[in-house]
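A.B. asks: Please find upload30.txt (compact mmCIF, C-alpha atoms) on the next line:
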# COMPACT_ATOMS: atom_id res chain seq x y z
CA MET V 1 -45.67 18.58 33.29
CA GLU V 2 -43.90 17.65 30.10
CA GLU V 3 -42.64 20.41 27.92
CA THR V 4 -45.05 21.09 25.11
CA PRO V 5 -43.65 22.79 22.05
CA ARG V 6 -44.95 26.32 21.84
CA GLN V 7 -48.19 26.44 19.89
CA LYS V 8 -49.10 29.11 17.40
CA TYR V 9 -52.67 30.26 17.77
CA THR V 10 -54.49 33.11 16.08
CA GLU V 11 -56.47 35.43 18.37
CA LYS V 12 -59.64 33.67 17.26
CA GLU V 13 -58.19 30.23 18.06
CA LYS V 14 -57.06 31.41 21.48
CA VAL V 15 -60.58 32.48 22.35
CA GLU V 16 -61.96 29.20 21.02
CA VAL V 17 -59.56 27.10 23.10
CA PHE V 18 -60.33 29.24 26.12
CA ASN V 19 -64.10 28.98 25.73
CA ASN V 20 -64.32 25.36 24.59
CA GLU V 21 -61.53 23.67 26.53
CA PHE V 22 -60.85 25.81 29.61
CA LEU V 23 -64.17 27.32 30.71
CA PRO V 24 -66.09 24.01 30.84
CA HIS V 25 -63.95 23.09 33.88
CA ILE V 26 -64.99 26.15 35.90
CA ASN V 27 -67.15 24.17 38.34
CA SER V 28 -64.37 21.76 39.25
CA MET V 29 -61.86 24.60 39.36
CA TYR V 30 -63.99 26.65 41.71
CA ASN V 31 -64.58 23.66 43.97
CA PHE V 32 -60.85 22.95 44.04
CA GLY V 33 -60.11 26.60 44.83
CA TYR V 34 -62.70 26.63 47.55
CA ARG V 35 -61.48 23.38 49.12
CA LEU V 36 -57.92 24.70 49.15
CA THR V 37 -58.57 28.19 50.51
CA LEU V 38 -61.75 27.40 52.47
CA ASP V 39 -62.95 30.90 51.63
CA GLU V 40 -65.37 31.86 48.86
CA ASP V 41 -63.73 35.19 48.02
CA ASP V 42 -60.24 33.69 47.97
CA ALA V 43 -61.53 30.87 45.80
CA LYS V 44 -62.97 33.39 43.33
CA ASP V 45 -59.71 35.30 43.16
CA LEU V 46 -57.70 32.13 42.79
CA VAL V 47 -59.87 30.81 39.96
CA GLN V 48 -59.81 34.16 38.22
CA ASP V 49 -56.01 34.41 38.48
CA THR V 50 -55.70 30.87 37.19
CA TYR V 51 -57.83 31.51 34.12
CA LEU V 52 -55.96 34.71 33.32
CA LYS V 53 -52.64 32.88 33.60
CA ALA V 54 -54.02 30.07 31.45
CA TYR V 55 -54.93 32.60 28.78
CA ARG V 56 -51.59 34.35 29.00
CA PHE V 57 -49.71 31.07 28.62
CA ILE V 58 -52.16 29.49 26.21
CA GLU V 59 -49.37 28.82 23.72
CA SER V 60 -47.85 26.25 26.08
CA PHE V 61 -51.13 24.35 25.93
CA GLN V 62 -51.63 21.91 23.09
CA LYS V 63 -55.18 21.94 21.78
CA GLY V 64 -57.10 18.74 22.54
CA THR V 65 -54.81 17.55 25.37
CA ASN V 66 -55.73 17.28 29.03
CA ALA V 67 -56.93 20.82 29.75
CA LYS V 68 -58.36 19.94 33.14
CA ALA V 69 -55.05 18.62 34.50
CA TRP V 70 -53.22 21.59 32.99
CA LEU V 71 -55.59 24.06 34.66
CA PHE V 72 -55.51 22.23 37.99
CA ARG V 73 -51.72 22.41 37.96
CA ILE V 74 -51.77 26.18 37.39
CA LEU V 75 -54.33 26.63 40.16
CA LYS V 76 -52.31 24.51 42.58
CA ASN V 77 -49.13 26.48 41.81
CA SER V 78 -50.94 29.81 42.21
CA PHE V 79 -52.29 28.64 45.52
CA ILE V 80 -48.82 27.70 46.78
CA ASN V 81 -47.19 30.87 45.53
CA ASP V 82 -49.85 33.44 46.30
CA TYR V 83 -51.98 32.10 49.10
CA ARG V 84 -50.02 29.64 51.11
CA LYS V 85 -47.30 32.25 51.67
CA LYS V 86 -49.86 34.46 53.39
CA SER V 87 -50.48 31.84 56.02
CA LYS V 88 -47.67 31.44 58.47
CA GLU V 89 -48.46 27.85 59.08
CA PRO V 90 -45.92 25.49 57.56
CA SER V 91 -47.02 22.35 55.81
CA LYS V 92 -47.38 19.49 58.23
CA VAL V 93 -46.91 16.67 55.77
CA ASP V 94 -44.24 14.32 56.92
CA TYR V 95 -41.94 13.79 53.99
CA GLN V 96 -40.86 10.47 55.35
CA GLU V 97 -44.23 9.29 54.10
CA VAL V 98 -42.91 7.06 51.34
CA GLU V 99 -40.54 5.21 53.63
CA SER V 100 -43.16 4.55 56.25
CA TYR V 101 -45.69 3.30 53.72
CA TYR V 102 -46.88 -0.32 53.81
CA ASN V 103 -45.33 -1.11 57.15
CA SER V 104 -47.19 -3.79 59.01
CA ASP V 105 -48.69 -1.48 61.66
CA ASP V 106 -50.36 0.48 58.94
CA VAL V 107 -51.76 -2.62 57.30
CA ASP V 108 -53.40 -3.69 60.56
CA ARG V 109 -54.75 -0.23 61.14
CA GLN V 110 -56.35 -0.14 57.71
CA ILE V 111 -58.17 -3.38 58.16
CA THR V 112 -59.32 -2.87 61.74
CA THR V 113 -60.59 0.71 61.62
CA ASP V 114 -63.33 1.20 64.20
CA LEU V 115 -65.44 3.25 61.82
CA ARG V 116 -68.64 1.50 60.75
CA VAL V 117 -70.62 1.81 57.55
CA GLU V 118 -73.84 2.35 59.54
CA SER V 119 -72.47 5.48 61.17
CA LEU V 120 -71.61 6.97 57.79
CA GLN V 121 -75.18 6.64 56.63
CA ASP V 122 -76.32 9.14 59.24
CA MET V 123 -73.79 11.77 58.30
CA ILE V 124 -75.71 14.50 56.56
CA GLY V 125 -72.85 16.08 54.71
CA ASP V 126 -71.39 18.66 57.05
CA GLU V 127 -69.43 16.01 58.89
CA ILE V 128 -67.72 14.66 55.81
CA SER V 129 -67.08 18.13 54.46
CA ASN V 130 -65.67 19.31 57.81
CA ALA V 131 -63.54 16.20 58.09
CA LEU V 132 -62.09 16.82 54.64
CA ASN V 133 -61.51 20.51 55.32
CA SER V 134 -59.72 19.75 58.57
CA LEU V 135 -57.03 17.67 56.88
CA ASP V 136 -53.68 19.28 56.20
CA VAL V 137 -53.83 20.85 52.75
CA ASP V 138 -51.45 18.34 51.12
CA PHE V 139 -53.59 15.43 52.27
CA ARG V 140 -56.79 17.26 51.41
CA THR V 141 -55.50 17.91 47.91
CA VAL V 142 -54.91 14.27 46.96
CA ILE V 143 -58.37 13.29 48.17
CA ILE V 144 -59.92 16.07 46.10
CA LEU V 145 -57.96 15.12 43.00
CA CYS V 146 -58.65 11.40 43.29
CA ASP V 147 -62.09 11.06 44.84
CA LEU V 148 -63.84 14.24 43.73
CA GLU V 149 -62.22 14.72 40.34
CA GLY V 150 -61.20 11.21 39.35
CA PHE V 151 -57.62 12.01 38.34
CA LYS V 152 -55.26 9.06 37.81
CA TYR V 153 -51.91 8.62 39.55
CA ASP V 154 -49.89 9.93 36.60
CA GLU V 155 -52.11 13.02 36.28
CA MET V 156 -51.90 13.74 40.02
CA ALA V 157 -48.12 13.32 39.90
CA LYS V 158 -47.95 15.96 37.18
CA ILE V 159 -50.37 18.34 38.85
CA LEU V 160 -48.51 18.13 42.16
CA ASP V 161 -44.95 17.74 40.84
CA ILE V 162 -44.32 14.68 42.97
CA PRO V 163 -43.46 11.07 42.07
CA ILE V 164 -46.29 8.56 41.58
CA GLY V 165 -45.09 6.60 44.64
CA THR V 166 -45.59 9.69 46.76
CA VAL V 167 -49.07 10.23 45.34
CA ARG V 168 -49.98 6.68 46.30
CA SER V 169 -48.58 6.84 49.81
CA ARG V 170 -50.03 10.28 50.45
CA LEU V 171 -53.47 9.08 49.37
CA HIS V 172 -53.16 6.12 51.70
CA ARG V 173 -52.26 8.36 54.63
CA ALA V 174 -54.95 10.87 53.72
CA ARG V 175 -57.64 8.17 53.68
CA ASN V 176 -56.59 6.94 57.12
CA LEU V 177 -56.55 10.46 58.55
CA LEU V 178 -59.98 11.10 57.10
CA LYS V 179 -61.30 7.92 58.70
CA ASP V 180 -59.86 9.01 62.05
CA LYS V 181 -61.76 12.29 61.79
CA LEU V 182 -64.96 10.52 60.77
CA SER V 183 -64.59 8.14 63.72
CA VAL V 184 -64.56 11.11 66.07
CA TYR V 185 -67.81 12.39 64.53
CA ALA V 186 -69.33 8.92 64.69
CA LYS V 187 -68.52 8.72 68.40
CA LYS V 188 -70.06 12.13 69.01
CA MET V 189 -73.18 10.92 67.22
CA GLY V 190 -73.42 8.13 69.75
CA TYR V 191 -72.09 5.21 67.75
CA LYS V 192 -70.34 2.88 70.12
CA ASN V 193 -67.31 1.29 68.62
CA PRO V 194 -66.36 -2.26 69.44
CA MET A 1 -59.81 -16.94 36.81
CA SER A 2 -57.99 -18.74 39.56
CA LEU A 3 -56.98 -16.88 42.67
CA LEU A 4 -53.52 -18.27 42.10
CA ASP A 5 -52.95 -16.04 39.09
CA ASN A 6 -52.99 -12.73 40.85
CA PRO A 7 -53.11 -9.97 38.21
CA PHE A 8 -51.91 -7.50 40.84
CA ALA A 9 -48.56 -9.23 41.11
CA GLY A 10 -45.96 -7.31 39.18
CA SER A 11 -43.31 -8.81 36.95
CA SER A 12 -41.19 -9.27 40.07
CA GLY A 13 -43.72 -11.86 41.23
CA ASN A 14 -43.81 -10.34 44.73
CA LYS A 15 -46.75 -11.26 46.91
CA ILE A 16 -49.26 -8.44 46.93
CA SER A 17 -50.99 -7.57 50.21
CA CYS A 18 -54.71 -7.03 50.64
CA LEU A 19 -53.98 -3.41 51.43
CA GLU A 20 -52.19 -2.86 48.15
CA MET A 21 -54.98 -4.46 46.15
CA LEU A 22 -57.60 -2.47 48.00
CA GLN A 23 -55.78 0.76 47.41
CA ALA A 24 -55.41 0.17 43.68
CA ILE A 25 -59.18 -0.42 43.51
CA LEU A 26 -59.97 2.61 45.63
CA ASP A 27 -57.65 4.94 43.75
CA GLY A 28 -59.09 3.93 40.40
CA ASP A 29 -55.80 2.37 39.33
CA ALA A 30 -56.98 -1.24 38.92
CA THR A 31 -57.51 -2.81 35.51
CA GLU A 32 -60.75 -4.62 34.66
CA GLU A 33 -58.96 -7.93 35.27
CA GLN A 34 -57.70 -6.76 38.67
CA GLN A 35 -61.16 -5.57 39.68
CA GLN A 36 -62.62 -8.92 38.75
CA TYR A 37 -59.93 -10.71 40.76
CA PHE A 38 -60.56 -8.51 43.78
CA ARG A 39 -64.33 -9.11 43.67
CA LYS A 40 -63.63 -12.81 43.81
CA HIS A 41 -61.06 -12.32 46.55
CA MET A 42 -63.64 -10.48 48.69
CA ASP A 43 -65.81 -13.60 48.75
CA GLU A 44 -63.08 -15.27 50.76
CA CYS A 45 -61.62 -12.37 52.71
CA LEU A 46 -63.97 -10.73 55.18
CA PRO A 47 -61.57 -7.93 56.26
CA CYS A 48 -61.20 -6.90 52.60
CA TYR A 49 -64.94 -7.06 52.06
CA LYS A 50 -65.60 -4.81 55.07
CA ALA A 51 -62.78 -2.38 54.33
CA HIS A 52 -63.86 -2.10 50.70
CA GLU A 53 -67.47 -1.43 51.66
CA LEU A 54 -66.48 1.29 54.10
CA ASP A 55 -63.90 2.94 51.85
CA MET A 56 -66.17 2.97 48.82
CA GLN A 57 -68.94 4.51 50.88
CA ILE A 58 -66.62 7.28 52.06
CA LYS A 59 -65.50 7.86 48.49
CA GLN A 60 -69.12 8.11 47.37
CA LEU A 61 -70.01 10.46 50.24
CA LEU A 62 -67.08 12.70 49.38
CA LYS A 63 -68.18 12.88 45.80
CA THR A 64 -71.79 13.72 46.57
CA LYS A 65 -71.27 16.00 49.58
CA CYS A 66 -68.06 17.85 48.80
CA SER A 67 -68.41 18.83 45.17
CA GLY A 68 -70.90 21.00 43.45
CA ASN A 69 -70.40 24.25 45.34
CA PRO A 70 -72.20 26.58 42.96
CA VAL A 71 -69.84 28.85 41.07
CA PRO A 72 -70.65 32.51 41.84
CA ALA A 73 -72.88 33.75 39.04
CA ASP A 74 -70.70 36.66 38.02
CA LEU A 75 -67.39 34.79 37.97
CA VAL A 76 -67.46 33.48 34.38
CA GLU A 77 -68.54 36.87 33.00
CA LYS A 78 -65.82 38.60 34.99
CA ILE A 79 -63.16 36.23 33.67
CA LYS A 80 -64.39 36.64 30.09
CA ARG A 81 -64.31 40.43 30.40
CA GLN A 82 -60.75 40.36 31.70
CA VAL A 83 -59.59 37.99 28.98
CA ASN A 84 -61.16 40.23 26.33
CA SER A 85 -59.34 43.22 27.73
CA ILE A 86 -55.92 41.56 27.42
CA SER A 87 -56.49 39.84 24.07
In structure tokens, what does this structure look like?
C.D. replies:
Amino acid sequence: MEETPRQKYTEKEKVEVFNNEFLPHINSMYNFGYRLTLDEDDAKDLVQDTYLKAYRFIESFQKGTNAKAWLFRILKNSFINDYRKKSKEPSKVDYQEVESYYNSDDVDRQITTDLRVESLQDMIGDEISNALNSLDVDFRTVIILCDLEGFKYDEMAKILDIPIGTVRSRLHRARNLLKDKLSVYAKKMGYKNP
Amino acid sequence: MSLLDNPFAGSSGNKISCLEMLQAILDGDATEEQQQYFRKHMDECLPCYKAHELDMQIKQLLKTKCSGNPVPADLVEKIKRQVNSIS
């Protein structure tokens, strides 16, 4: 994220910024934490750590700017540094993703997915949630940021420290992977695909 | 607006694929003019119409089914207490 000149806040102002600009995002922050860690206790710890860091570094936050993106970026970094290390599993994202974007195979695949709208209507919620949770964390993250939280490309690029082109291609891949998972559920539910 | 003047085409004038238009719409990156163009385009392009319907439904499902986990009741108070202790 761009360097913001260090702000000077009084103790009273710090508390005001914290209460009025940071805390209102607690619901989204907790959901993000939960969707990353997939554990309620870990999510609580992660959100708590994030808010404490946000307070500690409040002078790098400029009052009235995009607090939500700023907080999401801290949470994402805390997750990578403190939680992801604990898991031995390396990230599975293929970093060739930009190069392989928009190739013709992918275009065909997008348009001819065997998933049907009718099958989605019978999914009660667990299926979609499980499908999302089963995606590799890097793919899961872009879906959360875009579809659940409505962040724009430039905001996602800053939160994730990746170029906008990578955000776009990762979202594209993530959507296709999600559809693959949903197709499996649809088949289990008895929907016959053409 | 004529379909000939594609507002998705960049300054390079490259032909834009259905997939690229659909993704801009889906990702919330399309301008009002682009959205209008795409709505018109869907009248003539069945694959786009179907893909858009499916993708938007998934997006909607994600939004309604995967957000809104209630924040644990004590979390905000705990955070406030800790902030007070370091301020």
A.B. asks: Hey, can you check how far atom CA of Leu182 of chain V sits from atom CA of Ala24 of chain A?
C.D. replies: 22.1 Å
A.B. asks: Need the shell around segment 64-73 of chain V: protein/DNA/RNA residues with any atom at most 9 Å away, counting only C-alpha atoms. Skip same-chain ones fewer than 6 positions apart. Format as a list in words?
C.D. replies: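 Using only C-alpha atoms, the neighbours found are Met1, Val17, Glu21, Phe22, His25, Ser28, Met29, Phe32, Thr50, Tyr51, Ala54, Phe151, Glu155, Met156, Lys158, Ile159, Leu160 and Asp161 of chain V.
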A.B. asks: Can you work out which residues from chain A touch chain V at a cut-off of 9 Å (counting only C-alpha atoms) and hand them back as a PyMOL selection string?
C.D. replies: chain A and resi 17-20+23-24+26-29+47-48+50-51+53-55+57-72+75-76+78-80+82-84+86-87
A.B. asks: I'd like the interatomic distance between atom CA of Asn81 of chain V and atom CA of Leu145 of chain V, to a tenth of an Å.
C.D. replies: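 If I compute the distance from atom CA of Asn81 of chain V to atom CA of Leu145 of chain V, I get 19.2 Å.
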A.B. asks: Kindly give the distance, in Å, that separates atom CA of Lys187 of chain V and atom CA of Asp114 of chain V, rounded to a single decimal.
C.D. replies: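 Those two atoms sit 10.1 Å apart.
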A.B. asks: Calculated over all atoms listed in the file, which of the candidates V:Ile58, V:Leu38, V:Val184, V:Ala157 has the smallest distance to Lys8 of chain V?
C.D. replies: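 The shortest atom-to-atom distance to Lys8 of chain V comes from V:Ile58.
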A.B. asks: Using only C-alpha atoms, pick whichever of A:Leu46, A:Arg39, A:Ala73, A:Gln34 has the shortest atom-to-atom distance to Asp5 of chain A.
C.D. replies: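 Among the listed residues, A:Gln34 lies closest to Asp5 of chain A.
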